[in-house]
Amino acid sequence: MSEPVVWLTIFVLSVFVGIEVISKVSSTLHTPLMSGANAIHGVILLGAILVTGAAESTVAVAVGVVAVVLATVNMVGGFVVTDRMLQMFVRRPPRQPQEPRS
Amino acid sequence: MSEPVVWLTIFVLSVFVGIEVISKVSSTLHTPLMSGANAIHGVILLGAILVTGAAESTVAVAVGVVAVVLATVNMVGGFVVTDRMLQMFVRRPPRQPQEPRS
Amino acid sequence: MTPTWAQLAYLVAAVCFILALKGLSSPKTARRGNLVGAFGAVLACAIVFFAEDLDNLMPILIAIVVGTVVGVVGARRVQMTQMPQLVALFNGVGGGAAALVALLELDELSRFAEAHIARFDMAATGFTILVGAVSFSGSLVTFAKLQELMTTRPVVFPGLPVAFGAALLASVGLSATLVFEPNLSWGIVLAFVGLALGVLLVLPVGGADVPIVISLLNAFTGLAVAAGGYVLGNAVLLVAGTLVGASGTLLTKLMATAMGRSLFNTLFGALKGGSTLGAGEASDRPVRSAGPQDIAILLGYANRVIVVPGYGLAVAQAQHTLRELVDVLGEKGIVVDYAIHPVAGRMPGHMNVLLAEAQVPYEQLKEMDEINGDFKHADVVLVVGANDVVNPAAKTTPGAPIYGMPILNADEAGQVIFMKRSMRPGFAGIENELLFDPKTTLLFGDAKDTMSKLLTAVKAL
Amino acid sequence: MTPTWAQLAYLVAAVCFILALKGLSSPKTARRGNLVGAFGAVLACAIVFFAEDLDNLMPILIAIVVGTVVGVVGARRVQMTQMPQLVALFNGVGGGAAALVALLELDELSRFAEAHIARFDMAATGFTILVGAVSFSGSLVTFAKLQELMTTRPVVFPGLPVAFGAALLASVGLSATLVFEPNLSWGIVLAFVGLALGVLLVLPVGGADVPIVISLLNAFTGLAVAAGGYVLGNAVLLVAGTLVGASGTLLTKLMATAMGRSLFNTLFGALKGGSTLGAGEASDRPVRSAGPQDIAILLGYANRVIVVPGYGLAVAQAQHTLRELVDVLGEKGIVVDYAIHPVAGRMPGHMNVLLAEAQVPYEQLKEMDEINGDFKHADVVLVVGANDVVNPAAKTTPGAPIYGMPILNADEAGQVIFMKRSMRPGFAGIENELLFDPKTTLLFGDAKDTMSKLLTAVKAL
Ligand SMILES: NC(=O)c1ccc[n+]([C@@H]2O[C@H](COP(=O)([O-])OP(=O)(O)OC[C@H]3O[C@@H](n4cnc5c(N)ncnc54)[C@H](OP(=O)(O)O)[C@@H]3O)[C@@H](O)[C@H]2O)c1
Ligand SMILES: NC(=O)c1ccc[n+]([C@@H]2O[C@H](COP(=O)([O-])OP(=O)(O)OC[C@H]3O[C@@H](n4cnc5c(N)ncnc54)[C@H](OP(=O)(O)O)[C@@H]3O)[C@@H](O)[C@H]2O)c1
């Protein structure tokens with residue numbers, strides 16, 4: 001297969017996977033799902049590292065560094081905040097009302 | 001990407017698509033689904049045509065022709081029989097009991 | 001190199017297959033889904049004539065015509081009760097085709113490009129040959145079982161596990177040999193080992209488990225086609241085969257679950273001896289049985305009747321007579337519905353197809369969830385050749401093989417009539433307490449036979 | 001060329017992302033899914049250091065450390081009520097990064113390989129720049145709206161549709177130019193047009209619709225990353241970006257549906273004038289209102305109370321006080337539960353998070369389906385800053401914007417108490433008949449304020 005067709009094939013299959021995989025989500029999880037997906041596209045960090053690693057002029061490196069910072073914030077922050085949100089969904093032992101016998 | 005990795009990627013994505021796409025099927029549809037999937041792999045006909053079209057010895061052509069016949073039976077028969085099955089599932093106008101007033 | 005437009009068209013065909021599977025998973029879109037799949041298949045096969053340089057066009061076209069005629073005639077002529085074996089047969093020939101394709105490609109590769117053959121290509125070729133052959137012979141055996149060309153009981157002989165193991169080892173060894181020494185002869189030997197393996201795999205499977213095995217072999221063929229696609233460098237084969245392989249594997253698991261069986265037990269249960277399902281012996285506890293006349297009176301004076309059809313109805317082919325009986329009852333003003341359990345019959349969803357073929361109005365076919373609340377209002381439940389699907393043990397007896405399987409609440413009705421030949425248990429091989437319930441009456445005999453007697457008796461009322 | 005082991009590792013990372021999304025779609029596996037995604041991301045970014053030849057390692061590593069610190073601190077420090085804007089911000093910076101990456105790649109491509117640049121590559125580069133910039137500026141505006149740095153009302157000015165159209169045309173033209181004349185300057189102009197487009201897209205969206213837009217921009221960023229992956233020839237970016245783009249688009253649609261809105265209306269509703277939701281005016285029909293003391297008595301002598309928290313609770317940040325009130329009632333032996341509507345709050349599922357943060361025991365949080373049957377047994381329903389989610393018009397008034405949306409059956413309870421500031425309607429902008437029901441009592445005032453008064457009054461009982 002020629003290169004662009006390969007990429008197109010992978011793209012098309014990924015579209016189906018992306019749609020099918022989340023098609024059963026309950027609305028309670030919409031927000032964490034959005035946040036988690038948001039973190040996943042933070043993998044653009046990889047691209048930022050690649051272009052910065054290949055940059056030659058100082059300006060290019062500077063722009064690249066900005067891109068790396070932004071992408072890292074997206075990725076790391078995204079996963080951490082999603083995790084924090086999801087902690088809240090976890091079933092925990094019931095909390096005792098303060099001094100029920102007083 | 002190198003050729004085998006491309007194929008592996010397409011394979012992996014297809015596995016996910018295949019699984020996710022049917023994960024919600026009701027058991028009533030198990031049989032038609034199996035039959036339809038069965039027809040789909042009849043597309044090996046394409047492969048049979050390719051190798052027969054490239055065959056040189058008479059024996060190879062003969063074997064190829066057998067493969068083409070088998071694959072065509074799989075593909076054509078599979079889709080036709082699935083369609084027949086599914087016709088039965090379609091909601092039809094209620095059938096009148098024979099001469100209800102007699 | 002395949003031209004780009006053809007590659008794109010192949011991609012379109014692959015997308016059609018995805019949409020086909022998606023469509024087939026939901027009742028509303030199932031038929032359209034199947035047509036989309038057929039369109040994709042025709043598209044893919046049409047492209048190849050324009051995009052590639054093919055010799056032997058005449059033989060190919062003739063072969064396609066022959067195959068089409070055979071396929072269409074077979075698919076149109078078959079009776080709905082024989083659907084399972086037809087699907088098995090179609091699956092088998094597909095597997096056979098994949099194996100032959102791989103053998104031809106092996107021939108080609110080993111002759112022209114000995115030096116350049118990638119190891120991985122050879123592994124994939126070997127895989128296609130082996131799995132295609134397994135699927136071919138395995139499907140033929142399931143066909144023979146379902147068509148009752150041979151016994152439907154599990155076939156086990158003392159050396160079977162050893163033979164199976166030996167064939168398995170041989171196939172692994174041969175595949176490895178093929179990778180390092182690409183050679184047509186090894187390929188042919190591998191194909192024969194695959195044929196043996198397929199037979200040995202399916203022999204010990206009991207008749208009622210056969211649909212699960214057909215589904216498994218279907219997934220096998222899919223994987224063989226996928227590997228063939230890799231060998232031929234054709235993406236649509238890879239995608240289509242993988243789709244079928246993956247969804248078929250899941251479907252096999254879903255089917256087994258719906259029948260309350262594990263896949264491992266299905267395949268190897270008989271080897272372990274022990275619980276060969278369906279082998280249960282008749283009990284000799286007392287039951288109440290009656291003749292067609294008595295049952296006809298029970299039915300004729302009811303207001304609400306629910307019919308529970310099962311495996312035995314399909315075996316006896318009594319569905320047309322049953323439909324007539326229901327029509328006659330309907331004329332008498334009795335409200336009659338059919339309660340369809342999802343795994344009643346020989347394959348999942350089979351009962352719908354059988355009754356639809358007998359021209360039962362769709363409105364009278366009620367899904368389990370829809371009708372389960374109605375049983376307590378029914379005067380009479382007529383259970384025809386069904387057993388497990390109304391066995392209360394599924395609710396009350398933890399440890400029973402069917403425990404946890406949802407059942408039809410026939411036990412809640414006023415009267416229960418069982419039409420069966422004997423006191424033998426059903427597929428799951430366990431006794432059904434409902435048979436011994438005081439409100440139960442049995443009508444013994446082959447369903448087709450007793451059903452027509454019953455029909456005559458009801459008409460005579 | 002990337003070494004094969006690295007390509008395989010990238011594939012593993014891509015699979016992790018698929019499993020992450022799959023996990024995130026089900027409550028039981030959500031947290032694990034997120035961790036799997038994080039693992040995939042770390043894996044992918046670690047590989048690149050070993051597999052590729054990178055200059056400027058020091059600046060890159062420092063940038064990563066800085067980004068990590070900012071990200072972790074931001075994510076840990078933020079209050080749960082500010083979650084939506086944080087997600088928007090993270091999404092925006094991701095889009096910005098994608099645009100910058102594409103600009104740098106454009107610089108590279110246009111300088112070194114002018115002759116060989118494939119048209120399609122340039123189109124993809126332009127797409128990444130444009131969409132990344134839109135996502136960046138759009139997300140910043142949503143952030144400003146949610147953080148109340150600007151008005152949360154839709155911002156519409158007369159020239160807006162024209163400006164939007166012009167920017168859209170300009171971006172198409174610039175992209176086309178870029179394809180035929182790869183040149184950094186055009187790219188930078190395109191980026192600025194993208195920034196303008198993002199601002200113009202989000203300005204007319206009202207505050208309550210913002211979560212839908214965040215989800216849409218999230219999908220945009222995904223697509224930008226996917227196109228970036230194509231440009232860089234990196235499969236994991238392509239797969240990850242496409243996954244997010246596709247699932248994000250579907251999620252946006254699901255969200256809009258859950259809120260009873262169409263996506264088109266969300267984005268362009270304000271432009272059409274007409275139904276700017278939330279703009280509904282207060283009615284002056286008579287209602288019964290009461291002070292905290294009276295309400296305290298109602299609550300104090302009930303046996304079963306259900307609390308319905310809504311958007312207003314989140315806005316007023318009254319969740320901690322509410323929890324205290326419920327605790328006090330619990331001490332009095334009153335059974336109190338929270339009824340959580342799926343779209344109560346500022347984002348879907350937000351209410352669960354808010355109440356969990358206020359340390360409400362999970363056992364008291366009841367999903368809509370779970371508790372809807374209990375309302376008829378409740379003596380008092382306390383509706384705090386909610387309105388649409390208990391509006392019976394969803395069942396009774398075809399044509400109402402919320403018609404068909406499942407609601408909490410608060411109207412079935414013995415007494416209903418509303419805590420809100422005025423008679424203004426909720427998000428959907430329609431009147432709530434329940435406010436005028438004889439069994440309803442209103443407690444006017446900011447939820448936080450009145451809630452603490454109510455708490456004092458209940459304690460004093
Ligand atoms: N549908 C599927 O996909 C599928 C596939 C494989 C297995 N299964 C399993 O099969 C079972 C299906 O339940 P089911 O209630 O339909 O069937 P069942 O429990 O197997 O019972 C069938 C009954 O029909 C009677 N019978 C057989 N031949 C007959 C004939 N010619 N005339 C009258 N009666 C006849 C048998 O009793 P006598 O021998 O006394 O006549 C038997 O009790 C479930 O356990 C299911 O898990 C289903
Ligand atoms: N959760 C989501 O994902 C989401 C996102 C966007 C839109 N929506 C939509 O938002 C609605 C959510 O329903 P809902 O019942 O939670 O909210 P709602 O119908 O919008 O009602 C909120 C109520 O809270 C009151 N309120 C506002 N600020 C307050 C304060 N500081 N103190 C006391 N009361 C206050 C308002 O009345 P006053 O002004 O009189 O105080 C208003 O009636 C649904 O229509 C949903 O479709 C949901």
# chains A, B, ... in the order shown; residues from 1 in each chain; ligands from 1
>>> residues_around(residues="stretch 228-241 of chain D", least_positions_apart="2", cutoff="6 Å", atoms="only C-alpha atoms", output="list in words")
Ser14 and His41 of chain A; Tyr10, Ala14, Asp121, Thr128, Gly222, Leu223, Val225, Ala226, Leu243, Val244 and Gly245 of chain D
>>> residues_around(residues="stretch 84-88 of chain B", least_positions_apart="3", cutoff="12 Å", atoms="only C-alpha atoms", output="ChimeraX atom specification")
/B:28-36,77-81,91-92 /C:23-35,72,74-84,86-87,349-362,365
>>> closest_atom_pairs(of="chain A", to="chain B", cutoff="8 Å", atoms="only C-alpha atoms", output="CSV")
residue,atom,partner,partner_atom,distance
A:Val6,CA,B:Val6,CA,7.3
A:Thr9,CA,B:Ile10,CA,7.5
A:Ile10,CA,B:Ile10,CA,6.2
A:Leu13,CA,B:Leu13,CA,6.1
A:Ser14,CA,B:Leu13,CA,6.7
A:Phe16,CA,B:Val17,CA,6.4
A:Val17,CA,B:Val17,CA,5.3
A:Glu20,CA,B:Glu20,CA,5.8
A:Val21,CA,B:Glu20,CA,6.2
>>> write_last_selection(atoms="N, CA, C and O atoms", output="PDB file, in the first residue's frame")
ATOM      1  N   VAL A   6      -2.017   4.033   3.599  1.00  0.00           N
ATOM      2  CA  VAL A   6      -1.785   3.411   4.904  1.00  0.00           C
ATOM      3  C   VAL A   6      -2.297   4.326   6.016  1.00  0.00           C
ATOM      4  O   VAL A   6      -3.052   3.910   6.902  1.00  0.00           O
ATOM      5  N   THR A   9      -6.004   4.507   6.077  1.00  0.00           N
ATOM      6  CA  THR A   9      -6.592   3.296   6.650  1.00  0.00           C
ATOM      7  C   THR A   9      -6.529   3.347   8.175  1.00  0.00           C
ATOM      8  O   THR A   9      -7.517   3.073   8.867  1.00  0.00           O
ATOM      9  N   ILE A  10      -5.363   3.695   8.691  1.00  0.00           N
ATOM     10  CA  ILE A  10      -5.215   3.759  10.147  1.00  0.00           C
ATOM     11  C   ILE A  10      -6.161   4.812  10.719  1.00  0.00           C
ATOM     12  O   ILE A  10      -6.800   4.612  11.760  1.00  0.00           O
ATOM     13  N   LEU A  13      -9.808   3.423  10.654  1.00  0.00           N
ATOM     14  CA  LEU A  13     -10.019   2.423  11.703  1.00  0.00           C
ATOM     15  C   LEU A  13     -10.059   3.077  13.077  1.00  0.00           C
ATOM     16  O   LEU A  13     -10.878   2.722  13.928  1.00  0.00           O
ATOM     17  N   SER A  14      -9.188   4.066  13.289  1.00  0.00           N
ATOM     18  CA  SER A  14      -9.172   4.739  14.590  1.00  0.00           C
ATOM     19  C   SER A  14     -10.479   5.479  14.846  1.00  0.00           C
ATOM     20  O   SER A  14     -10.950   5.544  15.981  1.00  0.00           O
ATOM     21  N   PHE A  16     -13.412   4.556  13.850  1.00  0.00           N
ATOM     22  CA  PHE A  16     -14.385   3.570  14.311  1.00  0.00           C
ATOM     23  C   PHE A  16     -14.115   3.157  15.751  1.00  0.00           C
ATOM     24  O   PHE A  16     -15.026   3.065  16.565  1.00  0.00           O
ATOM     25  N   VAL A  17     -12.842   2.915  16.053  1.00  0.00           N
ATOM     26  CA  VAL A  17     -12.529   2.510  17.424  1.00  0.00           C
ATOM     27  C   VAL A  17     -12.964   3.602  18.395  1.00  0.00           C
ATOM     28  O   VAL A  17     -13.636   3.342  19.396  1.00  0.00           O
ATOM     29  N   GLU A  20     -16.850   3.657  18.684  1.00  0.00           N
ATOM     30  CA  GLU A  20     -17.475   2.478  19.280  1.00  0.00           C
ATOM     31  C   GLU A  20     -17.125   2.341  20.756  1.00  0.00           C
ATOM     32  O   GLU A  20     -17.945   1.945  21.566  1.00  0.00           O
ATOM     33  N   VAL A  21     -15.876   2.687  21.063  1.00  0.00           N
ATOM     34  CA  VAL A  21     -15.389   2.422  22.420  1.00  0.00           C
ATOM     35  C   VAL A  21     -16.143   3.236  23.471  1.00  0.00           C
ATOM     36  O   VAL A  21     -16.337   2.787  24.599  1.00  0.00           O
TER      37      VAL A  21
END
>>> residues_around(residues="stretch 47-64 of chain B", least_positions_apart="6", cutoff="9 Å", atoms="only C-alpha atoms", output="ChimeraX atom specification")
/B:71 /C:45,48-49,52-57,59-60,97-98,100-102,104-105,107-108,225,228-229,232,234,237
>>> select_by_dssp(residues="stretch 316-451 of chain D", states="alpha helix (DSSP H)", output="MDAnalysis selection string")
chainID D and resid 316 319:331 350:357 368:371 393:396 447:451
>>> write_last_selection(atoms="N, CA, C and O atoms", output="compact mmCIF listing (two decimals), in the first residue's frame")
# COMPACT_ATOMS: atom_id res chain seq x y z
N ALA D 316 -23.43 28.73 44.02
CA ALA D 316 -23.38 29.37 45.33
C ALA D 316 -22.31 28.72 46.22
O ALA D 316 -22.00 29.26 47.28
N GLN D 319 -22.32 23.56 48.90
CA GLN D 319 -22.35 22.11 49.11
C GLN D 319 -21.86 21.70 50.50
O GLN D 319 -22.38 20.74 51.08
N HIS D 320 -20.90 22.44 51.05
CA HIS D 320 -20.42 22.05 52.38
C HIS D 320 -21.49 22.28 53.44
O HIS D 320 -21.72 21.44 54.31
N THR D 321 -22.14 23.44 53.35
CA THR D 321 -23.20 23.74 54.31
C THR D 321 -24.33 22.73 54.17
O THR D 321 -24.90 22.28 55.18
N LEU D 322 -24.64 22.39 52.93
CA LEU D 322 -25.71 21.41 52.70
C LEU D 322 -25.37 20.09 53.38
O LEU D 322 -26.20 19.49 54.05
N ARG D 323 -24.12 19.68 53.23
CA ARG D 323 -23.72 18.41 53.84
C ARG D 323 -23.90 18.47 55.34
O ARG D 323 -24.38 17.54 55.98
N GLU D 324 -23.53 19.61 55.92
CA GLU D 324 -23.69 19.77 57.38
C GLU D 324 -25.16 19.64 57.77
O GLU D 324 -25.52 18.95 58.73
N LEU D 325 -26.01 20.31 56.99
CA LEU D 325 -27.44 20.26 57.27
C LEU D 325 -27.94 18.81 57.24
O LEU D 325 -28.67 18.36 58.14
N VAL D 326 -27.52 18.09 56.22
CA VAL D 326 -27.96 16.71 56.10
C VAL D 326 -27.46 15.88 57.27
O VAL D 326 -28.18 15.04 57.82
N ASP D 327 -26.23 16.15 57.69
CA ASP D 327 -25.70 15.42 58.85
C ASP D 327 -26.55 15.67 60.08
O ASP D 327 -26.89 14.75 60.82
N VAL D 328 -26.89 16.94 60.29
CA VAL D 328 -27.70 17.28 61.46
C VAL D 328 -29.06 16.57 61.39
O VAL D 328 -29.53 16.00 62.38
N LEU D 329 -29.66 16.59 60.23
CA LEU D 329 -30.94 15.90 60.08
C LEU D 329 -30.78 14.41 60.35
O LEU D 329 -31.61 13.78 61.01
N GLY D 330 -29.66 13.87 59.84
CA GLY D 330 -29.38 12.44 60.08
C GLY D 330 -29.30 12.14 61.57
O GLY D 330 -29.81 11.12 62.04
N GLU D 331 -28.66 13.03 62.31
CA GLU D 331 -28.56 12.82 63.75
C GLU D 331 -29.93 12.76 64.41
O GLU D 331 -30.11 12.11 65.43
N HIS D 350 -21.09 16.45 37.15
CA HIS D 350 -20.41 17.39 38.01
C HIS D 350 -20.90 17.30 39.44
O HIS D 350 -20.13 17.45 40.40
N MET D 351 -22.21 17.05 39.61
CA MET D 351 -22.78 17.06 40.95
C MET D 351 -22.16 15.96 41.81
O MET D 351 -21.88 16.18 42.99
N ASN D 352 -21.93 14.80 41.23
CA ASN D 352 -21.26 13.73 41.98
C ASN D 352 -19.94 14.20 42.53
O ASN D 352 -19.58 13.97 43.68
N VAL D 353 -19.17 14.86 41.65
CA VAL D 353 -17.85 15.31 42.05
C VAL D 353 -17.95 16.35 43.17
O VAL D 353 -17.24 16.29 44.17
N LEU D 354 -18.87 17.30 43.00
CA LEU D 354 -19.00 18.37 43.99
C LEU D 354 -19.37 17.81 45.36
O LEU D 354 -18.79 18.19 46.37
N LEU D 355 -20.34 16.92 45.37
CA LEU D 355 -20.79 16.39 46.65
C LEU D 355 -19.75 15.46 47.25
O LEU D 355 -19.54 15.44 48.46
N ALA D 356 -19.06 14.72 46.38
CA ALA D 356 -18.00 13.86 46.90
C ALA D 356 -16.92 14.71 47.54
O ALA D 356 -16.38 14.37 48.59
N GLU D 357 -16.62 15.84 46.94
CA GLU D 357 -15.60 16.71 47.51
C GLU D 357 -16.04 17.25 48.87
O GLU D 357 -15.22 17.42 49.77
N MET D 368 -30.45 8.94 39.46
CA MET D 368 -31.85 9.22 39.14
C MET D 368 -32.71 7.95 39.10
O MET D 368 -33.76 7.87 39.74
N ASP D 369 -32.25 6.96 38.35
CA ASP D 369 -33.07 5.75 38.18
C ASP D 369 -33.29 5.03 39.50
O ASP D 369 -34.31 4.39 39.71
N GLU D 370 -32.29 5.17 40.37
CA GLU D 370 -32.32 4.44 41.62
C GLU D 370 -33.34 5.04 42.57
O GLU D 370 -34.01 4.32 43.31
N ILE D 371 -33.48 6.34 42.55
CA ILE D 371 -34.28 7.00 43.58
C ILE D 371 -35.63 7.47 43.07
O ILE D 371 -36.50 7.83 43.87
N ALA D 393 -42.73 19.77 33.23
CA ALA D 393 -42.98 20.05 31.82
C ALA D 393 -42.26 19.05 30.92
O ALA D 393 -42.70 18.77 29.81
N ALA D 394 -41.17 18.49 31.42
CA ALA D 394 -40.43 17.49 30.63
C ALA D 394 -41.30 16.28 30.33
O ALA D 394 -41.07 15.57 29.36
N LYS D 395 -42.30 16.06 31.19
CA LYS D 395 -43.20 14.92 30.93
C LYS D 395 -44.50 15.37 30.29
O LYS D 395 -45.10 14.63 29.51
N THR D 396 -44.95 16.59 30.66
CA THR D 396 -46.33 16.94 30.34
C THR D 396 -46.48 17.89 29.16
O THR D 396 -47.54 17.97 28.58
N ALA D 447 -28.15 30.51 47.77
CA ALA D 447 -28.20 29.20 48.42
C ALA D 447 -27.26 29.11 49.62
O ALA D 447 -27.62 28.58 50.67
N LYS D 448 -26.06 29.65 49.52
CA LYS D 448 -25.10 29.52 50.60
C LYS D 448 -25.59 30.23 51.86
O LYS D 448 -25.53 29.69 52.97
N ASP D 449 -26.09 31.40 51.60
CA ASP D 449 -26.61 32.25 52.65
C ASP D 449 -27.79 31.61 53.38
O ASP D 449 -27.76 31.39 54.60
N THR D 450 -28.83 31.32 52.62
CA THR D 450 -30.03 30.75 53.24
C THR D 450 -29.75 29.38 53.82
O THR D 450 -30.35 29.01 54.83
N MET D 451 -28.83 28.67 53.19
CA MET D 451 -28.53 27.34 53.70
C MET D 451 -27.95 27.44 55.10
O MET D 451 -28.30 26.64 55.97
>>> interface_residues(of="chain D", to="chain B", cutoff="8 Å", atoms="only C-alpha atoms", output="number ranges by chain")
D: 1-2, 4, 7-8, 11, 233, 235
>>> write_last_selection(atoms="N, CA, C and O atoms", output="PDB file, in the first residue's frame")
ATOM      1  N   MET D   1      14.969   6.941   9.988  1.00  0.00           N
ATOM      2  CA  MET D   1      13.838   6.026  10.173  1.00  0.00           C
ATOM      3  C   MET D   1      13.775   5.562  11.622  1.00  0.00           C
ATOM      4  O   MET D   1      14.776   5.163  12.220  1.00  0.00           O
ATOM      5  N   THR D   2      12.613   5.609  12.174  1.00  0.00           N
ATOM      6  CA  THR D   2      12.424   5.132  13.536  1.00  0.00           C
ATOM      7  C   THR D   2      12.695   3.627  13.596  1.00  0.00           C
ATOM      8  O   THR D   2      12.194   2.892  12.751  1.00  0.00           O
ATOM      9  N   THR D   4      12.468  -0.340  14.518  1.00  0.00           N
ATOM     10  CA  THR D   4      11.249  -1.144  14.613  1.00  0.00           C
ATOM     11  C   THR D   4      10.772  -1.293  16.052  1.00  0.00           C
ATOM     12  O   THR D   4       9.573  -1.214  16.337  1.00  0.00           O
ATOM     13  N   GLN D   7       8.780   1.618  16.926  1.00  0.00           N
ATOM     14  CA  GLN D   7       7.464   1.616  16.283  1.00  0.00           C
ATOM     15  C   GLN D   7       6.509   0.692  17.019  1.00  0.00           C
ATOM     16  O   GLN D   7       5.337   1.011  17.217  1.00  0.00           O
ATOM     17  N   LEU D   8       7.036  -0.459  17.436  1.00  0.00           N
ATOM     18  CA  LEU D   8       6.189  -1.390  18.174  1.00  0.00           C
ATOM     19  C   LEU D   8       5.771  -0.785  19.517  1.00  0.00           C
ATOM     20  O   LEU D   8       4.625  -0.914  19.950  1.00  0.00           O
ATOM     21  N   LEU D  11       3.080   1.533  19.067  1.00  0.00           N
ATOM     22  CA  LEU D  11       1.810   0.823  18.888  1.00  0.00           C
ATOM     23  C   LEU D  11       1.236   0.426  20.248  1.00  0.00           C
ATOM     24  O   LEU D  11       0.026   0.548  20.490  1.00  0.00           O
ATOM     25  N   GLY D 233       4.800  11.935  10.516  1.00  0.00           N
ATOM     26  CA  GLY D 233       4.971  10.512  10.245  1.00  0.00           C
ATOM     27  C   GLY D 233       5.018   9.687  11.509  1.00  0.00           C
ATOM     28  O   GLY D 233       5.755   8.705  11.612  1.00  0.00           O
ATOM     29  N   ALA D 235       2.829   7.400  14.084  1.00  0.00           N
ATOM     30  CA  ALA D 235       1.541   6.705  14.135  1.00  0.00           C
ATOM     31  C   ALA D 235       0.818   6.922  15.455  1.00  0.00           C
ATOM     32  O   ALA D 235      -0.414   6.992  15.491  1.00  0.00           O
TER      33      ALA D 235
END
>>> residues_near_ligand(ligand="ligand 1", cutoff="6 Å", atoms="only C-alpha atoms and all ligand atoms", output="MDAnalysis selection string")
chainID C and resid 208:209 211 259:260 310:312 315:316 343:348 385:389 419:428 446:447
>>> atom_distance(atom1="atom CA of C:Leu61", atom2="atom CA of C:Phe39")
18.7 Å
>>> atom_distance(atom1="atom CA of D:Lys376", atom2="atom 23 (C, counted along the ligand's line) of ligand 2")
22.8 Å
>>> decode(residues="stretch 47-55 of chain A", atoms="N, CA, C and O atoms", output="PDB file, in the first residue's frame")
ATOM      1  N   GLY A  47       5.333  15.032  19.645  1.00  0.00           N
ATOM      2  CA  GLY A  47       5.626  15.838  18.462  1.00  0.00           C
ATOM      3  C   GLY A  47       6.451  17.060  18.803  1.00  0.00           C
ATOM      4  O   GLY A  47       7.399  17.423  18.085  1.00  0.00           O
ATOM      5  N   ALA A  48       6.099  17.673  19.931  1.00  0.00           N
ATOM      6  CA  ALA A  48       6.847  18.872  20.334  1.00  0.00           C
ATOM      7  C   ALA A  48       8.310  18.527  20.599  1.00  0.00           C
ATOM      8  O   ALA A  48       9.221  19.272  20.214  1.00  0.00           O
ATOM      9  N   ILE A  49       8.530  17.391  21.244  1.00  0.00           N
ATOM     10  CA  ILE A  49       9.917  16.982  21.495  1.00  0.00           C
ATOM     11  C   ILE A  49      10.637  16.746  20.170  1.00  0.00           C
ATOM     12  O   ILE A  49      11.773  17.195  19.974  1.00  0.00           O
ATOM     13  N   LEU A  50       9.976  16.073  19.257  1.00  0.00           N
ATOM     14  CA  LEU A  50      10.594  15.778  17.956  1.00  0.00           C
ATOM     15  C   LEU A  50      11.028  17.050  17.235  1.00  0.00           C
ATOM     16  O   LEU A  50      12.173  17.170  16.797  1.00  0.00           O
ATOM     17  N   VAL A  51      10.103  18.005  17.121  1.00  0.00           N
ATOM     18  CA  VAL A  51      10.470  19.198  16.344  1.00  0.00           C
ATOM     19  C   VAL A  51      11.493  20.047  17.080  1.00  0.00           C
ATOM     20  O   VAL A  51      12.381  20.636  16.465  1.00  0.00           O
ATOM     21  N   THR A  52      11.380  20.107  18.408  1.00  0.00           N
ATOM     22  CA  THR A  52      12.377  20.875  19.142  1.00  0.00           C
ATOM     23  C   THR A  52      13.752  20.216  19.009  1.00  0.00           C
ATOM     24  O   THR A  52      14.775  20.895  18.868  1.00  0.00           O
ATOM     25  N   GLY A  53      13.755  18.884  19.044  1.00  0.00           N
ATOM     26  CA  GLY A  53      15.014  18.165  18.908  1.00  0.00           C
ATOM     27  C   GLY A  53      15.653  18.358  17.544  1.00  0.00           C
ATOM     28  O   GLY A  53      16.853  18.164  17.390  1.00  0.00           O
ATOM     29  N   ALA A  54      14.864  18.741  16.566  1.00  0.00           N
ATOM     30  CA  ALA A  54      15.400  18.948  15.224  1.00  0.00           C
ATOM     31  C   ALA A  54      15.587  20.425  14.901  1.00  0.00           C
ATOM     32  O   ALA A  54      16.081  20.776  13.834  1.00  0.00           O
ATOM     33  N   ALA A  55      15.171  21.308  15.842  1.00  0.00           N
ATOM     34  CA  ALA A  55      15.227  22.752  15.566  1.00  0.00           C
ATOM     35  C   ALA A  55      16.671  23.222  15.531  1.00  0.00           C
ATOM     36  O   ALA A  55      17.535  22.710  16.251  1.00  0.00           O
TER      37      ALA A  55
END
